[in-house]
>>> print(open('final30.txt').read())   # compact mmCIF, C-alpha atoms
# COMPACT_ATOMS: atom_id res chain seq x y z
CA MET X 1 -27.69 42.64 2.42
CA TRP X 2 -27.72 39.11 3.78
CA CYS X 3 -27.67 37.69 0.27
CA ASP X 4 -24.66 39.82 -0.66
CA GLU X 5 -22.76 38.52 2.33
CA LEU X 6 -23.43 34.94 1.27
CA LEU X 7 -22.19 35.67 -2.22
CA ILE X 8 -19.01 37.36 -0.97
CA HIS X 9 -18.41 34.37 1.31
CA ALA X 10 -18.83 31.93 -1.56
CA VAL X 11 -16.54 33.88 -3.88
CA PHE X 12 -13.91 34.33 -1.16
CA TRP X 13 -13.71 30.66 -0.18
CA SER X 14 -13.88 29.43 -3.77
CA LEU X 15 -11.08 31.77 -4.85
CA LEU X 16 -8.98 30.91 -1.83
CA THR X 17 -9.41 27.18 -2.42
CA VAL X 18 -8.53 27.40 -6.11
CA ALA X 19 -5.61 29.79 -5.48
CA LEU X 20 -4.09 27.61 -2.74
CA TYR X 21 -4.56 24.55 -4.97
CA ALA X 22 -2.75 26.29 -7.83
CA LEU X 23 0.02 27.35 -5.44
CA GLY X 24 0.31 23.78 -4.13
CA LYS X 25 0.55 22.44 -7.68
CA PHE X 26 3.18 25.01 -8.57
CA LEU X 27 5.29 24.25 -5.47
CA ASN X 28 4.88 20.51 -5.96
CA ALA X 29 6.15 20.75 -9.53
CA ARG X 30 9.22 22.64 -8.28
CA ARG X 31 9.89 20.51 -5.22
CA PRO X 32 7.82 17.32 -5.07
CA SER X 33 7.20 16.14 -1.52
CA LEU X 34 4.27 14.95 0.60
CA PHE X 35 3.93 18.41 2.18
CA THR X 36 3.64 20.35 -1.06
CA SER X 37 1.20 17.78 -2.50
CA PRO X 38 -2.03 19.73 -3.28
CA LEU X 39 -4.05 17.26 -1.20
CA VAL X 40 -1.99 18.07 1.93
CA PHE X 41 -0.76 21.62 1.39
CA THR X 42 -4.10 23.16 0.39
CA PRO X 43 -6.42 21.64 3.04
CA VAL X 44 -3.96 22.35 5.87
CA LEU X 45 -3.76 26.05 4.96
CA LEU X 46 -7.53 26.27 4.40
CA ILE X 47 -8.20 24.71 7.80
CA ALA X 48 -5.78 27.19 9.39
CA VAL X 49 -7.62 30.13 7.78
CA ALA X 50 -11.00 28.70 8.78
CA LEU X 51 -9.85 28.20 12.38
CA ILE X 52 -8.50 31.76 12.58
CA GLY X 53 -11.73 33.18 11.14
CA HIS X 54 -13.95 30.88 13.27
CA VAL X 55 -15.62 29.55 10.13
CA ARG X 56 -17.62 26.35 10.41
CA TYR X 57 -17.68 23.57 7.81
CA ALA X 58 -21.30 24.36 6.84
CA GLU X 59 -20.34 27.95 5.97
CA TYR X 60 -17.28 26.85 4.00
CA ILE X 61 -19.01 24.12 2.02
CA ARG X 62 -22.00 26.36 1.17
CA GLY X 63 -19.67 28.44 -0.97
CA THR X 64 -17.45 25.69 -2.36
CA HIS X 65 -19.96 22.91 -2.91
CA TRP X 66 -19.76 23.47 -6.66
CA LEU X 67 -16.09 22.39 -6.63
CA MET X 68 -17.01 19.10 -4.99
CA MET X 69 -19.80 18.60 -7.51
CA LEU X 70 -17.20 18.67 -10.30
CA LEU X 71 -16.16 15.19 -9.13
CA GLY X 72 -19.26 14.11 -11.09
CA PRO X 73 -18.05 15.20 -14.55
CA ALA X 74 -14.53 14.06 -13.57
CA THR X 75 -15.98 10.57 -13.13
CA VAL X 76 -17.61 10.87 -16.58
CA ALA X 77 -14.20 11.83 -18.00
CA PHE X 78 -12.83 8.38 -17.05
CA ALA X 79 -14.77 7.00 -20.03
CA ILE X 80 -12.05 8.32 -22.34
CA PRO X 81 -8.96 6.48 -20.95
CA ILE X 82 -11.11 3.36 -20.48
CA TYR X 83 -12.22 3.51 -24.12
CA GLU X 84 -8.65 4.04 -25.30
CA GLN X 85 -7.52 0.86 -23.49
CA ARG X 86 -10.50 -1.23 -24.59
CA VAL X 87 -8.38 -3.93 -26.26
CA LEU X 88 -6.34 -4.58 -23.12
CA ILE X 89 -9.46 -4.51 -20.97
CA ARG X 90 -11.44 -6.86 -23.22
CA ARG X 91 -8.59 -9.35 -23.10
CA HIS X 92 -8.18 -9.30 -19.32
CA TRP X 93 -11.61 -8.42 -17.88
CA MET X 94 -11.66 -11.67 -15.87
CA LEU X 95 -8.37 -10.86 -14.13
CA LEU X 96 -9.58 -7.33 -13.33
CA LEU X 97 -12.79 -8.69 -11.87
CA ILE X 98 -10.84 -11.14 -9.69
CA GLY X 99 -8.68 -8.25 -8.44
CA VAL X 100 -11.68 -6.06 -7.67
CA VAL X 101 -13.51 -8.81 -5.77
CA ALA X 102 -10.36 -9.78 -3.83
CA GLY X 103 -9.64 -6.13 -3.02
CA SER X 104 -13.20 -5.36 -1.92
CA CYS X 105 -13.34 -8.38 0.40
CA THR X 106 -9.97 -7.38 1.85
CA ALA X 107 -11.28 -3.83 2.37
CA VAL X 108 -14.25 -5.05 4.43
CA ILE X 109 -12.29 -7.59 6.47
CA SER X 110 -9.25 -5.37 7.11
CA SER X 111 -11.37 -2.36 8.12
CA TRP X 112 -13.32 -4.47 10.56
CA LEU X 113 -10.31 -6.22 12.11
CA LEU X 114 -8.18 -3.07 12.31
CA SER X 115 -11.03 -0.99 13.79
CA LYS X 116 -11.44 -3.66 16.44
CA LEU X 117 -7.70 -3.82 17.07
CA PHE X 118 -7.46 -0.05 17.59
CA GLY X 119 -10.69 0.08 19.60
CA LEU X 120 -12.74 2.30 17.28
CA ASP X 121 -16.52 2.35 17.69
CA ALA X 122 -18.98 0.82 15.22
CA THR X 123 -20.06 4.07 13.51
CA LEU X 124 -16.44 4.99 12.78
CA CYS X 125 -15.77 1.51 11.45
CA LEU X 126 -18.77 1.75 9.10
CA SER X 127 -17.65 5.20 7.94
CA LEU X 128 -14.17 3.79 7.29
CA LEU X 129 -15.37 0.79 5.25
CA PRO X 130 -16.02 2.51 1.89
CA ARG X 131 -12.94 4.78 2.05
CA SER X 132 -11.12 3.10 -0.87
CA MET X 133 -13.90 4.04 -3.28
CA SER X 134 -14.22 7.29 -5.16
CA THR X 135 -16.31 9.93 -3.39
CA PRO X 136 -19.74 9.61 -5.10
CA PHE X 137 -19.75 5.84 -4.47
CA ALA X 138 -18.26 6.05 -1.00
CA MET X 139 -20.88 8.52 0.26
CA THR X 140 -23.71 6.37 -1.14
CA VAL X 141 -22.38 3.16 0.41
CA SER X 142 -21.55 4.84 3.74
CA GLY X 143 -25.13 6.07 4.08
CA ASP X 144 -26.52 2.67 3.06
CA ILE X 145 -24.58 0.66 5.63
CA GLY X 146 -25.06 3.08 8.53
CA GLY X 147 -21.89 5.19 8.51
CA VAL X 148 -21.60 9.00 8.48
CA PRO X 149 -21.15 10.17 4.85
CA ALA X 150 -19.42 13.45 5.84
CA LEU X 151 -16.82 11.54 7.86
CA THR X 152 -16.41 9.04 5.03
CA SER X 153 -15.59 11.84 2.59
CA VAL X 154 -12.73 12.91 4.89
CA PHE X 155 -11.47 9.33 5.12
CA VAL X 156 -11.70 8.99 1.34
CA VAL X 157 -9.39 11.96 0.88
CA ILE X 158 -6.92 10.78 3.55
CA THR X 159 -6.89 7.36 1.90
CA GLY X 160 -6.20 9.03 -1.45
CA VAL X 161 -3.27 11.05 -0.12
CA LEU X 162 -1.71 8.17 1.81
CA GLY X 163 -2.58 5.58 -0.82
CA ALA X 164 -1.11 7.41 -3.79
CA THR X 165 2.18 7.82 -1.92
CA ILE X 166 2.31 4.32 -0.41
CA GLY X 167 1.16 2.79 -3.68
CA GLU X 168 4.14 4.23 -5.50
CA LEU X 169 6.50 2.90 -2.80
CA LEU X 170 4.84 -0.53 -2.92
CA LEU X 171 5.14 -0.67 -6.71
CA ASN X 172 8.85 0.00 -6.38
CA CYS X 173 9.46 -2.91 -4.00
CA LEU X 174 6.84 -5.51 -5.07
CA PRO X 175 7.58 -7.72 -8.08
CA PHE X 176 4.41 -6.84 -10.06
CA ARG X 177 5.39 -6.30 -13.68
CA SER X 178 2.08 -6.29 -15.56
CA ALA X 179 0.22 -3.02 -16.10
CA LEU X 180 -2.87 -4.89 -14.90
CA ALA X 181 -1.56 -5.60 -11.40
CA ARG X 182 0.10 -2.19 -11.07
CA GLY X 183 -2.95 -0.25 -12.22
CA ALA X 184 -5.38 -2.31 -10.13
CA LEU X 185 -3.23 -1.82 -7.02
CA LEU X 186 -3.48 1.97 -7.32
CA GLY X 187 -7.11 2.13 -8.47
CA MET X 188 -8.31 -0.28 -5.79
CA GLY X 189 -6.33 1.18 -2.89
CA ALA X 190 -6.44 4.90 -3.60
CA HIS X 191 -9.33 5.63 -6.04
CA GLY X 192 -8.99 8.96 -7.92
CA ALA X 193 -5.74 10.07 -6.29
CA GLY X 194 -4.20 6.67 -7.04
CA THR X 195 -5.47 6.87 -10.61
CA ALA X 196 -3.92 10.31 -11.03
CA LYS X 197 -0.63 8.86 -9.78
CA ALA X 198 -1.04 5.89 -12.13
CA HIS X 199 -1.49 8.26 -15.09
CA GLN X 200 1.84 9.86 -14.13
CA ILE X 201 3.53 6.45 -14.25
CA ASP X 202 2.08 5.28 -17.56
CA SER X 203 -1.13 5.87 -19.54
CA GLU X 204 -1.88 2.14 -19.69
CA VAL X 205 -1.51 1.75 -15.92
CA GLY X 206 -3.66 4.87 -15.55
CA ALA X 207 -6.49 3.50 -17.69
CA ILE X 208 -6.53 0.23 -15.72
CA ALA X 209 -6.57 2.16 -12.44
CA GLY X 210 -9.49 4.28 -13.68
CA LEU X 211 -11.46 1.22 -14.77
CA VAL X 212 -10.77 -0.62 -11.51
CA MET X 213 -11.87 2.45 -9.56
CA VAL X 214 -15.20 2.51 -11.39
CA LEU X 215 -15.63 -1.28 -11.08
CA VAL X 216 -14.98 -1.18 -7.31
CA GLY X 217 -17.56 1.56 -6.90
CA LEU X 218 -20.16 -0.26 -9.01
CA LEU X 219 -19.62 -3.61 -7.33
CA ASN X 220 -19.88 -2.05 -3.88
CA VAL X 221 -22.93 0.10 -4.57
CA LEU X 222 -24.71 -2.94 -6.01
CA SER X 223 -23.70 -5.14 -3.09
CA ALA X 224 -24.36 -2.48 -0.42
CA PRO X 225 -27.66 -4.11 0.70
CA LEU X 226 -25.81 -7.40 1.19
CA LEU X 227 -22.93 -5.58 2.87
CA ALA X 228 -25.39 -3.80 5.19
CA HIS X 229 -26.85 -7.17 6.15
CA VAL X 230 -23.41 -8.68 6.88
CA VAL X 231 -22.41 -5.57 8.81
CA SER X 232 -25.54 -5.53 10.97
CA SER X 233 -25.05 -9.16 11.95
CA ALA X 234 -21.35 -8.50 12.61
CA LEU X 235 -22.30 -5.58 14.88
CA HIS X 236 -24.04 -7.97 17.25
CA SER X 237 -20.64 -9.45 17.97
CA TRP X 238 -18.89 -6.06 18.30
CA MET H 239 -17.79 29.34 -49.14
CA THR H 240 -20.36 29.43 -46.36
CA ARG H 241 -20.12 25.66 -46.14
CA TYR H 242 -16.35 25.87 -45.85
CA LEU H 243 -16.67 28.49 -43.11
CA ARG H 244 -19.22 26.40 -41.31
CA THR H 245 -17.06 23.27 -41.27
CA THR H 246 -13.99 25.25 -40.19
CA PHE H 247 -16.00 26.88 -37.42
CA TRP H 248 -17.34 23.51 -36.28
CA ARG H 249 -13.88 21.96 -36.37
CA THR H 250 -12.37 24.78 -34.29
CA LEU H 251 -15.22 24.69 -31.81
CA ARG H 252 -15.05 20.92 -31.51
CA SER H 253 -11.37 20.89 -30.67
CA SER H 254 -11.58 23.76 -28.16
CA ARG H 255 -11.09 22.65 -24.58
CA LEU H 256 -13.89 24.84 -23.23
CA PHE H 257 -16.44 23.32 -25.61
CA GLN H 258 -15.31 19.82 -24.67
CA ILE H 259 -15.58 20.61 -20.95
CA ALA H 260 -19.11 21.87 -21.54
CA LEU H 261 -19.93 18.69 -23.45
CA ILE H 262 -18.73 16.51 -20.56
CA LEU H 263 -20.79 18.61 -18.15
CA LEU H 264 -23.76 17.90 -20.42
CA PHE H 265 -23.20 14.13 -20.31
CA TRP H 266 -22.86 14.36 -16.54
CA ALA H 267 -26.16 16.28 -16.30
CA ALA H 268 -27.81 13.63 -18.49
CA GLY H 269 -26.51 10.89 -16.18
CA GLU H 270 -27.74 12.72 -13.09
CA GLY H 271 -31.11 13.29 -14.75
CA ILE H 272 -31.53 9.62 -15.60
CA ALA H 273 -30.41 8.53 -12.14
CA ARG H 274 -32.89 10.89 -10.50
CA THR H 275 -35.89 9.99 -12.64
CA THR H 276 -35.37 6.22 -12.68
CA HIS H 277 -34.24 5.80 -9.04
CA LEU H 278 -31.47 3.41 -10.07
CA MET H 279 -28.91 2.40 -7.44
CA ILE H 280 -26.12 3.59 -9.75
CA PRO H 281 -24.89 7.18 -9.13
CA GLY H 282 -25.53 9.72 -11.92
CA PRO H 283 -21.84 10.33 -12.79
CA VAL H 284 -21.36 6.61 -13.47
CA LEU H 285 -24.40 6.57 -15.76
CA GLY H 286 -22.83 9.54 -17.56
CA LEU H 287 -19.61 7.54 -17.93
CA PHE H 288 -21.52 4.65 -19.49
CA ILE H 289 -23.38 7.01 -21.85
CA VAL H 290 -20.04 8.36 -23.12
CA LEU H 291 -18.56 4.84 -23.41
CA LEU H 292 -21.61 3.67 -25.35
CA LEU H 293 -21.49 6.65 -27.72
CA LEU H 294 -17.75 6.12 -28.29
CA ALA H 295 -18.17 2.39 -28.87
CA THR H 296 -21.00 2.89 -31.38
CA ARG H 297 -18.94 5.62 -33.11
CA ARG H 298 -21.67 8.23 -32.59
CA LEU H 299 -19.09 10.30 -30.72
CA ASN H 300 -15.58 10.96 -31.96
CA ILE H 301 -12.97 10.60 -29.23
CA LEU H 302 -11.28 13.83 -30.39
CA THR H 303 -14.46 15.71 -29.49
CA VAL H 304 -14.09 14.89 -25.78
CA ARG H 305 -10.45 13.96 -25.19
CA ARG H 306 -9.00 17.38 -24.32
CA GLY H 307 -11.90 18.19 -22.01
CA ALA H 308 -11.55 14.84 -20.26
CA GLN H 309 -7.82 15.37 -19.81
CA TRP H 310 -8.51 18.67 -18.08
CA PHE H 311 -10.96 17.08 -15.64
CA LEU H 312 -8.60 14.21 -14.86
CA ALA H 313 -5.61 16.53 -14.40
CA GLU H 314 -7.45 18.85 -11.97
CA MET H 315 -9.37 16.15 -10.12
CA LEU H 316 -7.47 16.59 -6.85
CA LEU H 317 -8.93 20.11 -6.54
CA PHE H 318 -12.44 18.65 -6.34
CA PHE H 319 -11.48 16.46 -3.39
CA ILE H 320 -10.19 19.35 -1.27
CA PRO H 321 -13.46 20.91 0.04
CA ALA H 322 -14.45 17.56 1.61
CA VAL H 323 -11.37 17.59 3.84
CA LEU H 324 -12.65 20.63 5.69
CA ALA H 325 -15.37 18.45 7.24
CA VAL H 326 -12.65 17.95 9.87
CA LEU H 327 -13.66 21.40 11.21
CA ASP H 328 -16.87 19.83 12.55
CA HIS H 329 -15.01 16.93 14.13
CA PRO H 330 -12.26 18.37 16.34
CA GLU H 331 -12.09 14.99 18.11
CA LEU H 332 -10.38 13.63 14.98
CA LEU H 333 -7.34 15.84 15.55
CA GLY H 334 -6.26 14.01 18.71
CA MET H 335 -5.49 10.41 19.69
CA LEU H 336 -8.56 9.14 17.85
CA GLY H 337 -7.27 10.72 14.65
CA LEU H 338 -3.98 8.85 15.00
CA LYS H 339 -5.82 5.56 15.50
CA ILE H 340 -7.95 6.21 12.40
CA LEU H 341 -4.83 7.13 10.46
CA ALA H 342 -3.27 3.81 11.50
CA VAL H 343 -6.39 1.89 10.38
CA ILE H 344 -6.33 3.68 7.02
CA LEU H 345 -2.58 3.18 6.58
CA PHE H 346 -2.45 -0.55 7.37
CA GLY H 347 -5.80 -1.21 5.69
CA THR H 348 -4.70 0.47 2.46
CA ILE H 349 -1.39 -1.41 2.38
CA THR H 350 -3.24 -4.72 2.88
CA ILE H 351 -5.82 -3.92 0.18
CA MET H 352 -3.13 -2.91 -2.30
CA VAL H 353 -0.90 -5.93 -1.72
CA VAL H 354 -3.81 -8.40 -1.90
CA THR H 355 -5.26 -6.85 -5.07
CA GLY H 356 -1.92 -6.67 -6.84
CA ALA H 357 -0.92 -10.17 -5.76
CA ALA H 358 -4.28 -11.71 -6.79
CA ILE H 359 -4.05 -10.27 -10.30
CA ASP H 360 -0.35 -10.95 -10.66
CA LEU H 361 -0.67 -14.61 -9.61
CA CYS H 362 -3.66 -15.20 -11.92
CA TYR H 363 -1.86 -13.43 -14.73
CA ARG H 364 1.20 -15.64 -14.34
CA TRP H 365 -1.00 -18.71 -14.07
CA VAL H 366 -2.89 -17.81 -17.27
CA ASN H 367 0.35 -17.10 -19.12
CA ARG H 368 2.30 -20.05 -17.72
CA GLY H 369 4.66 -21.45 -20.33
CA GLU H 370 4.59 -18.24 -22.35
CA LYS H 371 7.71 -16.11 -22.25
CA CYS H 372 6.29 -12.64 -21.74
CA ASP H 373 6.08 -10.79 -18.50
CA VAL H 374 4.96 -7.39 -19.70
CA VAL H 375 1.43 -6.82 -21.00
>>> encode(input="final30.txt", output="structure tokens")
Amino acid sequence: MWCDELLIHAVFWSLLTVALYALGKFLNARRPSLFTSPLVFTPVLLIAVALIGHVRYAEYIRGTHWLMMLLGPATVAFAIPIYEQRVLIRRHWMLLLIGVVAGSCTAVISSWLLSKLFGLDATLCLSLLPRSMSTPFAMTVSGDIGGVPALTSVFVVITGVLGATIGELLLNCLPFRSALARGALLGMGAHGAGTAKAHQIDSEVGAIAGLVMVLVGLLNVLSAPLLAHVVSSALHSW
Amino acid sequence: MTRYLRTTFWRTLRSSRLFQIALILLFWAAGEGIARTTHLMIPGPVLGLFIVLLLLATRRLNILTVRRGAQWFLAEMLLFFIPAVLAVLDHPELLGMLGLKILAVILFGTITIMVVTGAAIDLCYRWVNRGEKCDVV
């Protein structure tokens, strides 16, 4: 009996999530705006349903965890656009690396300064730090440096939604012409959502964004022990 | 005849999206398996990505065998982000003033990160190509 209830729960929430996502995509294709964007439209309605039904996050995620796990194979899928742009990447790997390092340093410094400016506590600041990375990386780094991975995953999504929109606006008003700078801007600032937006602009920009996203994640996971050390000494002066 | 049928069958299967999606899931599982058994710092999905890149680069894997599947995953990726957002349910404090502050940090932080990254690459790119008359890669 109990097992059946779990199964019904899982099927219900999975179907609802997928259906609302499909509806959001459909509406967004008809009338593109921030509010019909699947990353805003779908979660807002899901949260409304969950609040009405008094459903907690643990109950929801138990049934829909498999959807989140598909971020794994989606990351694997980035191998294809990266491979297709291998000539461009081989020619400019140094520039991309410079962009990734500059962006990552800016991410750490800006998160720290802004958190301080707005009076956020240390745990929140640490959970905010890895938000520009794609989810599997961000959760790893967040745990490593002493943040709350569940909070970080929320911040990652918010960053994606805001970043993909702002990124497009920025690209329209900043004088960056090369696909390298344009792709890196989106991949660095807004991970997967930014990369999806970049693919809409141009496949070359999209491939760069995808590569930068993976590079940022790698660089940060590898430097997480160092980052944790820097963060813990910075916390003394919080 | 049987050989002809076999190659046709293989060709149809190979180009079907469902088969390609399954193949990518397999590479992902391989990556996760390696990550779990070797305790590397690198997440399993990224190992999977490198496995696919390696196979493509050494021509052991034809790009047409994975391209349609990969396109599906990339096109529907936003769906996989959605369940994480509901973590907000456990943090009602985020829906008030604190949420606005966090939103401001994310907004200004993201703008700064984007401008710095784009500017760093753009300046280096112009510096590398100084003297040359081409401004589009």
>>> residues_around(input="final30.txt", residues="Leu302 of chain H", least_positions_apart="2", cutoff="10 Å", atoms="all atoms listed in the file", output="short mmCIF file (atom, residue, chain, number, x, y, z; two decimals) with C-alpha atoms, in the frame of the given file")
data_model
loop_
_atom_site.label_atom_id
_atom_site.label_comp_id
_atom_site.auth_asym_id
_atom_site.auth_seq_id
_atom_site.Cartn_x
_atom_site.Cartn_y
_atom_site.Cartn_z
CA ILE X 80 -12.05 8.32 -22.34
CA ARG H 252 -15.05 20.92 -31.51
CA SER H 253 -11.37 20.89 -30.67
CA GLN H 258 -15.31 19.82 -24.67
CA LEU H 299 -19.09 10.30 -30.72
CA ASN H 300 -15.58 10.96 -31.96
CA VAL H 304 -14.09 14.89 -25.78
CA ARG H 305 -10.45 13.96 -25.19
CA ARG H 306 -9.00 17.38 -24.32
CA GLY H 307 -11.90 18.19 -22.01
#
>>> axis_aligned_box(input="final30.txt", around="segment 149-155 of chain X", padding_each_side="5 Å", output="JSON")
{"center_x": -16.3, "center_y": 11.2, "center_z": 5.2, "size_x": 19.7, "size_y": 14.4, "size_z": 15.3}
>>> closest_atom_pairs(input="final30.txt", of="chain H", to="chain X", cutoff="6 Å", atoms="all atoms listed in the file", output="JSON lines")
{"residue": "H:Leu263", "atom": "CA", "partner": "X:Pro73", "partner_atom": "CA", "distance": 5.7}
{"residue": "H:Trp266", "atom": "CA", "partner": "X:Pro73", "partner_atom": "CA", "distance": 5.3}
{"residue": "H:Pro283", "atom": "CA", "partner": "X:Gly72", "partner_atom": "CA", "distance": 4.9}
{"residue": "H:Gly286", "atom": "CA", "partner": "X:Val76", "partner_atom": "CA", "distance": 5.5}
{"residue": "H:Leu287", "atom": "CA", "partner": "X:Val76", "partner_atom": "CA", "distance": 4.1}
{"residue": "H:Leu291", "atom": "CA", "partner": "X:Ala79", "partner_atom": "CA", "distance": 5.5}
{"residue": "H:Ala308", "atom": "CA", "partner": "X:Ala77", "partner_atom": "CA", "distance": 4.6}
{"residue": "H:Phe311", "atom": "CA", "partner": "X:Ala74", "partner_atom": "CA", "distance": 5.1}
{"residue": "H:Phe318", "atom": "CA", "partner": "X:Met68", "partner_atom": "CA", "distance": 4.8}
{"residue": "H:Ala322", "atom": "CA", "partner": "X:Ser153", "partner_atom": "CA", "distance": 5.9}
{"residue": "H:Val323", "atom": "CA", "partner": "X:Val154", "partner_atom": "CA", "distance": 5.0}
{"residue": "H:Ala325", "atom": "CA", "partner": "X:Tyr57", "partner_atom": "CA", "distance": 5.6}
{"residue": "H:Leu327", "atom": "CA", "partner": "X:Tyr57", "partner_atom": "CA", "distance": 5.7}
{"residue": "H:Val343", "atom": "CA", "partner": "X:Leu114", "partner_atom": "CA", "distance": 5.6}
{"residue": "H:Gly347", "atom": "CA", "partner": "X:Ser110", "partner_atom": "CA", "distance": 5.6}
{"residue": "H:Thr348", "atom": "CA", "partner": "X:Gly189", "partner_atom": "CA", "distance": 5.6}
{"residue": "H:Ile351", "atom": "CA", "partner": "X:Gly103", "partner_atom": "CA", "distance": 5.5}
{"residue": "H:Met352", "atom": "CA", "partner": "X:Leu185", "partner_atom": "CA", "distance": 4.8}
{"residue": "H:Thr355", "atom": "CA", "partner": "X:Gly103", "partner_atom": "CA", "distance": 4.9}
{"residue": "H:Gly356", "atom": "CA", "partner": "X:Ala181", "partner_atom": "CA", "distance": 4.7}
{"residue": "H:Ala358", "atom": "CA", "partner": "X:Gly99", "partner_atom": "CA", "distance": 5.8}
{"residue": "H:Ile359", "atom": "CA", "partner": "X:Gly99", "partner_atom": "CA", "distance": 5.4}
{"residue": "H:Asp360", "atom": "CA", "partner": "X:Ala181", "partner_atom": "CA", "distance": 5.5}
{"residue": "H:Val374", "atom": "CA", "partner": "X:Ser178", "partner_atom": "CA", "distance": 5.2}
{"residue": "H:Val375", "atom": "CA", "partner": "X:Ser178", "partner_atom": "CA", "distance": 5.5}
>>> write_last_selection(input="final30.txt", atoms="C-alpha atoms", output="compact mmCIF listing (two decimals), keeping the file's coordinate frame")
# COMPACT_ATOMS: atom_id res chain seq x y z
CA LEU H 263 -20.79 18.61 -18.15
CA TRP H 266 -22.86 14.36 -16.54
CA PRO H 283 -21.84 10.33 -12.79
CA GLY H 286 -22.83 9.54 -17.56
CA LEU H 287 -19.61 7.54 -17.93
CA LEU H 291 -18.56 4.84 -23.41
CA ALA H 308 -11.55 14.84 -20.26
CA PHE H 311 -10.96 17.08 -15.64
CA PHE H 318 -12.44 18.65 -6.34
CA ALA H 322 -14.45 17.56 1.61
CA VAL H 323 -11.37 17.59 3.84
CA ALA H 325 -15.37 18.45 7.24
CA LEU H 327 -13.66 21.40 11.21
CA VAL H 343 -6.39 1.89 10.38
CA GLY H 347 -5.80 -1.21 5.69
CA THR H 348 -4.70 0.47 2.46
CA ILE H 351 -5.82 -3.92 0.18
CA MET H 352 -3.13 -2.91 -2.30
CA THR H 355 -5.26 -6.85 -5.07
CA GLY H 356 -1.92 -6.67 -6.84
CA ALA H 358 -4.28 -11.71 -6.79
CA ILE H 359 -4.05 -10.27 -10.30
CA ASP H 360 -0.35 -10.95 -10.66
CA VAL H 374 4.96 -7.39 -19.70
CA VAL H 375 1.43 -6.82 -21.00
>>> atom_distance(input="final30.txt", atom1="atom CA of Leu226 of chain X", atom2="atom CA of Phe346 of chain H")
25.1 Å
>>> atom_distance(input="final30.txt", atom1="atom CA of His329 of chain H", atom2="atom CA of Glu59 of chain X")
14.7 Å
